[in-house]
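Asks: Dropping in input33.tsv, which is TSV, C-alpha atoms:
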```tsv
chain	number	residue	atom	x	y	z
A	1	MET	CA	90.17	81.54	139.57
A	2	ALA	CA	91.05	78.01	138.46
A	3	LYS	CA	93.72	77.73	135.79
A	4	ASP	CA	92.93	76.40	132.33
A	5	PRO	CA	94.19	72.84	131.76
A	6	ILE	CA	97.51	72.37	129.98
A	7	ARG	CA	97.68	69.55	127.44
A	8	VAL	CA	100.75	67.38	128.00
A	9	LEU	CA	101.84	64.75	125.49
A	10	VAL	CA	103.88	61.73	126.57
A	11	THR	CA	105.08	59.45	123.79
A	12	GLY	CA	105.95	55.85	124.59
A	13	ALA	CA	103.42	56.16	127.42
A	14	ALA	CA	102.85	52.41	127.77
A	15	GLY	CA	106.56	51.74	128.36
A	16	GLN	CA	108.23	51.55	131.75
A	17	ILE	CA	109.34	55.18	131.80
A	18	GLY	CA	106.05	56.48	130.46
A	19	TYR	CA	104.08	54.37	132.93
A	20	ALA	CA	106.06	55.88	135.82
A	21	LEU	CA	105.89	59.40	134.41
A	22	VAL	CA	102.20	59.95	133.62
A	23	PRO	CA	100.85	59.61	137.20
A	24	MET	CA	103.48	62.09	138.38
A	25	ILE	CA	102.28	64.59	135.80
A	26	ALA	CA	98.67	63.89	136.74
A	27	ARG	CA	99.25	64.67	140.41
A	28	GLY	CA	101.11	67.93	139.76
A	29	VAL	CA	104.75	66.96	140.21
A	30	MET	CA	105.75	68.47	136.87
A	31	LEU	CA	103.63	71.60	136.55
A	32	GLY	CA	102.54	72.31	140.11
A	33	ILE	CA	99.76	71.31	142.47
A	34	ASP	CA	97.43	74.02	141.18
A	35	GLN	CA	97.81	73.33	137.43
A	36	PRO	CA	95.13	71.11	135.82
A	37	VAL	CA	96.31	68.90	132.96
A	38	ILE	CA	94.90	66.90	130.09
A	39	LEU	CA	97.20	63.97	129.32
A	40	HIS	CA	97.81	62.88	125.74
A	41	MET	CA	99.45	59.46	125.61
A	42	LEU	CA	100.91	58.01	122.41
A	43	ASP	CA	102.33	54.58	121.73
A	44	ILE	CA	102.69	52.12	118.85
A	45	PRO	CA	99.76	49.88	117.78
A	46	PRO	CA	101.22	46.69	119.36
A	47	ALA	CA	101.12	48.50	122.72
A	48	ALA	CA	97.52	49.71	122.33
A	49	GLU	CA	96.10	47.31	124.93
A	50	ALA	CA	98.76	48.23	127.48
A	51	LEU	CA	98.20	51.93	126.73
A	52	ASN	CA	94.48	51.55	127.39
A	53	GLY	CA	95.39	49.86	130.68
A	54	VAL	CA	97.47	52.89	131.66
A	55	LYS	CA	94.50	55.12	130.88
A	56	MET	CA	92.21	52.97	133.04
A	57	GLU	CA	94.64	53.20	135.95
A	58	LEU	CA	94.77	56.99	135.63
A	59	VAL	CA	90.98	57.18	135.66
A	60	ASP	CA	90.81	54.82	138.65
A	61	ALA	CA	93.22	57.03	140.60
A	62	ALA	CA	90.84	60.02	140.30
A	63	PHE	CA	93.59	62.64	140.29
A	64	PRO	CA	91.93	66.01	141.02
A	65	LEU	CA	94.20	67.81	138.54
A	66	LEU	CA	93.57	65.37	135.68
A	67	LYS	CA	90.85	66.85	133.48
A	68	GLY	CA	91.06	64.38	130.62
A	69	VAL	CA	93.05	61.57	129.04
A	70	VAL	CA	93.70	60.91	125.36
A	71	ALA	CA	95.22	57.47	124.78
A	72	THR	CA	95.95	56.80	121.13
A	73	THR	CA	98.23	55.19	118.57
A	74	ASP	CA	97.47	57.99	116.07
A	75	VAL	CA	100.21	60.61	116.04
A	76	VAL	CA	97.95	63.42	114.79
A	77	GLU	CA	95.35	62.82	117.49
A	78	ALA	CA	98.10	62.67	120.10
A	79	CYS	CA	99.72	65.95	119.03
A	80	THR	CA	96.61	68.03	118.49
A	81	GLY	CA	96.52	71.05	120.78
A	82	VAL	CA	99.35	69.98	123.07
A	83	ASN	CA	101.23	72.65	124.99
A	84	ILE	CA	104.05	70.40	126.20
A	85	ALA	CA	105.47	67.29	124.56
A	86	VAL	CA	107.65	64.81	126.46
A	87	MET	CA	109.20	62.53	123.85
A	88	VAL	CA	109.97	59.32	125.71
A	89	GLY	CA	109.22	56.88	122.89
A	90	GLY	CA	111.97	55.76	120.54
A	91	PHE	CA	113.33	52.69	118.84
A	92	PRO	CA	115.45	50.68	121.32
A	93	ARG	CA	118.88	49.39	120.45
A	94	LYS	CA	118.64	45.62	120.05
A	95	GLU	CA	121.31	42.94	120.08
A	96	GLY	CA	123.52	43.13	117.01
A	97	MET	CA	122.38	46.63	116.03
A	98	GLU	CA	124.87	49.40	115.39
A	99	ARG	CA	124.16	52.89	116.71
A	100	LYS	CA	123.63	54.11	113.13
A	101	ASP	CA	120.84	51.56	112.76
A	102	VAL	CA	119.07	52.94	115.83
A	103	MET	CA	119.51	56.48	114.58
A	104	SER	CA	118.05	55.53	111.20
A	105	LYS	CA	114.95	54.08	112.87
A	106	ASN	CA	114.54	57.13	115.06
A	107	VAL	CA	114.81	59.52	112.12
A	108	SER	CA	111.58	58.06	110.75
A	109	ILE	CA	109.84	58.12	114.14
A	110	TYR	CA	110.86	61.68	115.01
A	111	LYS	CA	110.18	63.01	111.53
A	112	SER	CA	106.59	61.79	111.79
A	113	GLN	CA	106.07	63.10	115.31
A	114	ALA	CA	107.76	66.43	114.58
A	115	SER	CA	105.59	66.95	111.50
A	116	ALA	CA	102.47	66.28	113.57
A	117	LEU	CA	103.60	68.73	116.26
A	118	GLU	CA	104.39	71.29	113.57
A	119	LYS	CA	100.87	71.10	112.15
A	120	HIS	CA	98.71	70.37	115.17
A	121	ALA	CA	100.37	71.40	118.45
A	122	ALA	CA	99.46	74.60	120.26
A	123	ALA	CA	101.41	77.73	119.49
A	124	ASN	CA	104.63	78.02	121.49
A	125	CYS	CA	104.61	74.30	122.33
A	126	LYS	CA	107.56	73.21	124.47
A	127	VAL	CA	109.30	69.89	123.73
A	128	LEU	CA	111.54	67.70	125.89
A	129	VAL	CA	113.30	64.80	124.14
A	130	VAL	CA	114.20	61.83	126.33
A	131	ALA	CA	114.64	58.90	123.92
A	132	ASN	CA	118.21	58.10	122.89
A	133	PRO	CA	120.17	59.37	121.09
A	134	ALA	CA	118.58	62.41	122.69
A	135	ASN	CA	120.68	65.17	121.11
A	136	THR	CA	120.25	63.77	117.62
A	137	ASN	CA	116.54	63.16	118.10
A	138	ALA	CA	116.13	66.76	119.27
A	139	LEU	CA	117.94	67.98	116.16
A	140	ILE	CA	115.67	65.91	113.93
A	141	LEU	CA	112.62	67.30	115.70
A	142	LYS	CA	113.89	70.86	115.27
A	143	GLU	CA	114.41	70.33	111.55
A	144	PHE	CA	110.94	68.93	110.92
A	145	ALA	CA	109.07	71.31	113.24
A	146	PRO	CA	110.54	74.66	112.14
A	147	SER	CA	107.72	76.78	113.59
A	148	ILE	CA	108.54	75.62	117.12
A	149	PRO	CA	111.16	78.05	118.48
A	150	GLU	CA	114.58	76.45	118.95
A	151	LYS	CA	114.63	77.60	122.57
A	152	ASN	CA	111.50	75.52	123.17
A	153	ILE	CA	113.23	72.24	122.24
A	154	THR	CA	115.59	70.57	124.67
A	155	CYS	CA	116.76	67.08	125.55
A	156	LEU	CA	117.48	65.23	128.74
A	157	THR	CA	120.54	63.06	129.38
A	158	ARG	CA	120.17	63.06	133.13
A	159	LEU	CA	121.56	59.57	133.73
A	160	ASP	CA	124.93	60.48	132.24
A	161	HIS	CA	125.03	63.77	134.13
A	162	ASN	CA	124.20	62.00	137.38
A	163	ARG	CA	126.99	59.48	136.79
A	164	ALA	CA	129.53	62.27	136.56
A	165	LEU	CA	128.17	63.97	139.68
A	166	GLY	CA	128.33	60.69	141.57
A	167	GLN	CA	131.95	60.04	140.59
A	168	ILE	CA	133.00	63.55	141.62
A	169	SER	CA	131.16	63.42	144.95
A	170	GLU	CA	132.78	60.08	145.79
A	171	ARG	CA	136.23	61.29	144.86
A	172	LEU	CA	135.96	64.44	146.98
A	173	SER	CA	133.79	62.96	149.75
A	174	VAL	CA	131.15	65.64	149.32
A	175	GLN	CA	127.40	65.61	148.81
A	176	VAL	CA	126.16	65.40	145.22
A	177	SER	CA	124.07	68.51	145.86
A	178	ASP	CA	127.27	70.47	146.51
A	179	VAL	CA	128.66	69.78	142.99
A	180	LYS	CA	127.68	72.29	140.33
A	181	ASN	CA	128.27	73.12	136.65
A	182	VAL	CA	129.27	69.68	135.38
A	183	ILE	CA	128.72	69.47	131.61
A	184	ILE	CA	127.96	66.39	129.51
A	185	TRP	CA	128.97	66.55	125.85
A	186	GLY	CA	127.53	64.31	123.17
A	187	ASN	CA	124.87	61.63	122.91
A	188	HIS	CA	124.41	58.74	125.29
A	189	SER	CA	127.22	56.71	123.68
A	190	SER	CA	130.78	55.53	124.05
A	191	THR	CA	132.07	58.84	122.63
A	192	GLN	CA	130.30	60.97	125.23
A	193	TYR	CA	132.43	62.61	127.90
A	194	PRO	CA	131.90	64.60	131.09
A	195	ASP	CA	133.49	68.04	131.32
A	196	VAL	CA	134.53	69.30	134.77
A	197	ASN	CA	136.43	72.37	133.57
A	198	HIS	CA	133.67	74.66	134.87
A	199	ALA	CA	132.56	72.42	137.75
A	200	THR	CA	132.69	73.71	141.31
A	201	VAL	CA	132.10	72.28	144.78
A	202	ASN	CA	130.41	74.17	147.58
A	203	THR	CA	132.82	74.02	150.55
A	204	PRO	CA	132.82	75.77	153.95
A	205	GLY	CA	135.29	78.21	152.41
A	206	GLY	CA	133.10	78.93	149.39
A	207	GLU	CA	132.85	77.45	145.92
A	208	LYS	CA	136.06	75.88	144.63
A	209	PRO	CA	136.91	74.39	141.19
A	210	VAL	CA	136.72	70.62	140.93
A	211	ARG	CA	139.96	70.41	138.95
A	212	LYS	CA	141.79	72.34	141.66
A	213	LEU	CA	140.41	70.14	144.42
A	214	VAL	CA	141.20	66.90	142.59
A	215	ALA	CA	144.51	68.12	141.10
A	216	ASP	CA	144.91	64.88	139.18
A	217	ASP	CA	144.51	64.86	135.38
A	218	GLU	CA	144.88	61.08	135.31
A	219	TRP	CA	141.77	60.78	137.47
A	220	TYR	CA	139.87	63.00	135.06
A	221	LYS	CA	140.95	60.83	132.11
A	222	ALA	CA	139.79	57.78	134.06
A	223	LEU	CA	136.46	59.47	134.74
A	224	VAL	CA	135.93	59.92	131.01
A	225	LYS	CA	136.81	56.27	130.34
A	226	VAL	CA	134.58	54.96	133.13
A	227	SER	CA	131.65	57.05	131.92
A	228	ALA	CA	132.08	55.87	128.34
A	229	PHE	CA	132.43	52.23	129.44
A	230	SER	CA	129.32	52.43	131.62
A	231	ILE	CA	127.32	54.02	128.83
A	232	TYR	CA	128.50	51.53	126.22
A	233	ASN	CA	127.53	48.59	128.41
A	234	SER	CA	124.12	49.99	129.34
A	235	ILE	CA	122.77	50.23	125.79
```
Mind converting the file's structure to structure tokens?
Replies:
Amino acid sequence: MAKDPIRVLVTGAAGQIGYALVPMIARGVMLGIDQPVILHMLDIPPAAEALNGVKMELVDAAFPLLKGVVATTDVVEACTGVNIAVMVGGFPRKEGMERKDVMSKNVSIYKSQASALEKHAAANCKVLVVANPANTNALILKEFAPSIPEKNITCLTRLDHNRALGQISERLSVQVSDVKNVIIWGNHSSTQYPDVNHATVNTPGGEKPVRKLVADDEWYKALVKVSAFSIYNSI
């Protein structure tokens, strides 16, 4: 028997990340090639024309799994009945803005969206926060959507995690896929740091700790500084 469609919300759907993400969801990359979806796409009113263009492209592509598209600038309409919410949209940091200014803007955005999810999303909705600062935005969402279980809310700081993996793999001349259990602490900011205390590398002799293989605390301190510098200069 065919599965019932799952409603997936993507906020900031007319932006570059959203535009790349929605066709992947529509063709089953996220939920599987046998799972029908109904896409809910939300963006701000100035992006309404671009959002409608994204909808037209999805319709033109005739994805077999795509059973419907909701493209809207209304947060209630966007959140109604959704089973999964991917929160890509957020206020970008502009020239001259302090991080606290960005966080202040995002409090308002995430409060509104969290309240709409709280009232209108499907029971047991799962939420993934992508927009920076991801950890803080996830906390805001948790506070204003108390009926969504905490375990259902997570955030994604994959770029920072990948940077740490890349540095370790280069240092040890191993494949990135062989490095495991690297931890990233903090928001995407200059105070964030990678933690390799539990990290291991898969070697022919079995898994070995990264710190033992590197055996150089100065390198680890440099890794933290490089990560923070890269993050600071990318936002």
Asks: Using all atoms listed in the file, which residues sit within 8 Å of Val22 (chain A) once same-chain residues fewer than 4 positions away are excluded, as a list in words?
Replies: Val10, Ala13, Gly18, Ala26 and Leu39 of chain A
Asks: Using all atoms listed in the file, find the one residue out of A:Ala2, A:Ala122, A:Ala131, A:Leu213 that sits nearest to Ile17 (chain A).
Replies: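 Ranking A:Ala2, A:Ala122, A:Ala131, A:Leu213 by distance to Ile17 (chain A), first place goes to A:Ala131.
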Asks: Interatomic distance between CA of Val75 (chain A) and CA of Leu159 (chain A)?
Replies: 27.7 Å
Asks: Identify the residues around (120.3, 62.9, 132.4) within a radius of 12 Å, measuring from all atoms listed in the file in the coordinates stated by the file, and give them as a ChimeraX atom specification.
Replies: /A:128-135,154-165,182-188,194,231
Asks: For Val127 (chain A), list every protein, DNA or RNA residue within 9 Å, evaluated using only C-alpha atoms, and leave out those in the same chain fewer than 4 positions away; present the list as a list in words.
Replies: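 Those residues are Asn83, Ile84, Ala85, Val86, Met87, Ala138, Ile148, Asn152, Ile153, Thr154 and Cys155 of chain A.
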Asks: Please indicate the distance in Å from CA of Asn137 (chain A) to CA of Ala116 (chain A), rounded to one decimal place.
Replies: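 Between CA of Asn137 (chain A) and CA of Ala116 (chain A) the gap is 15.1 Å.
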Asks: For Leu66 (chain A), which residue among A:Val196, A:Val37, A:Leu141, A:Val29 is the nearest when counting all atoms listed in the file?
Replies: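 Result for the nearest residue to Leu66 (chain A): A:Val37.
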Asks: List as a PyMOL selection string: which residues have an atom within 10 Å of (99.3, 49.8, 122.3), counting all atoms listed in the file?
Replies: chain A and resi 12-15+42-53+71-73
Asks: Can you work out which one of A:Ser177, A:Ala145, A:Leu65, A:Asn106 has the shortest atom-to-atom distance to Gly89 (chain A), counting all atoms listed in the file?
Replies: A:Asn106
Asks: Could you tell me how far CA of Thr80 (chain A) sits from CA of Ile25 (chain A), in Å to one decimal place?
Replies: 18.5 Å
Asks: Using only C-alpha atoms, pick whichever of A:Val210, A:Leu9, A:Ser147, A:Lys142 has the shortest atom-to-atom distance to Asp178 (chain A).
Replies: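 Under the stated criterion, the closest residue is A:Val210.
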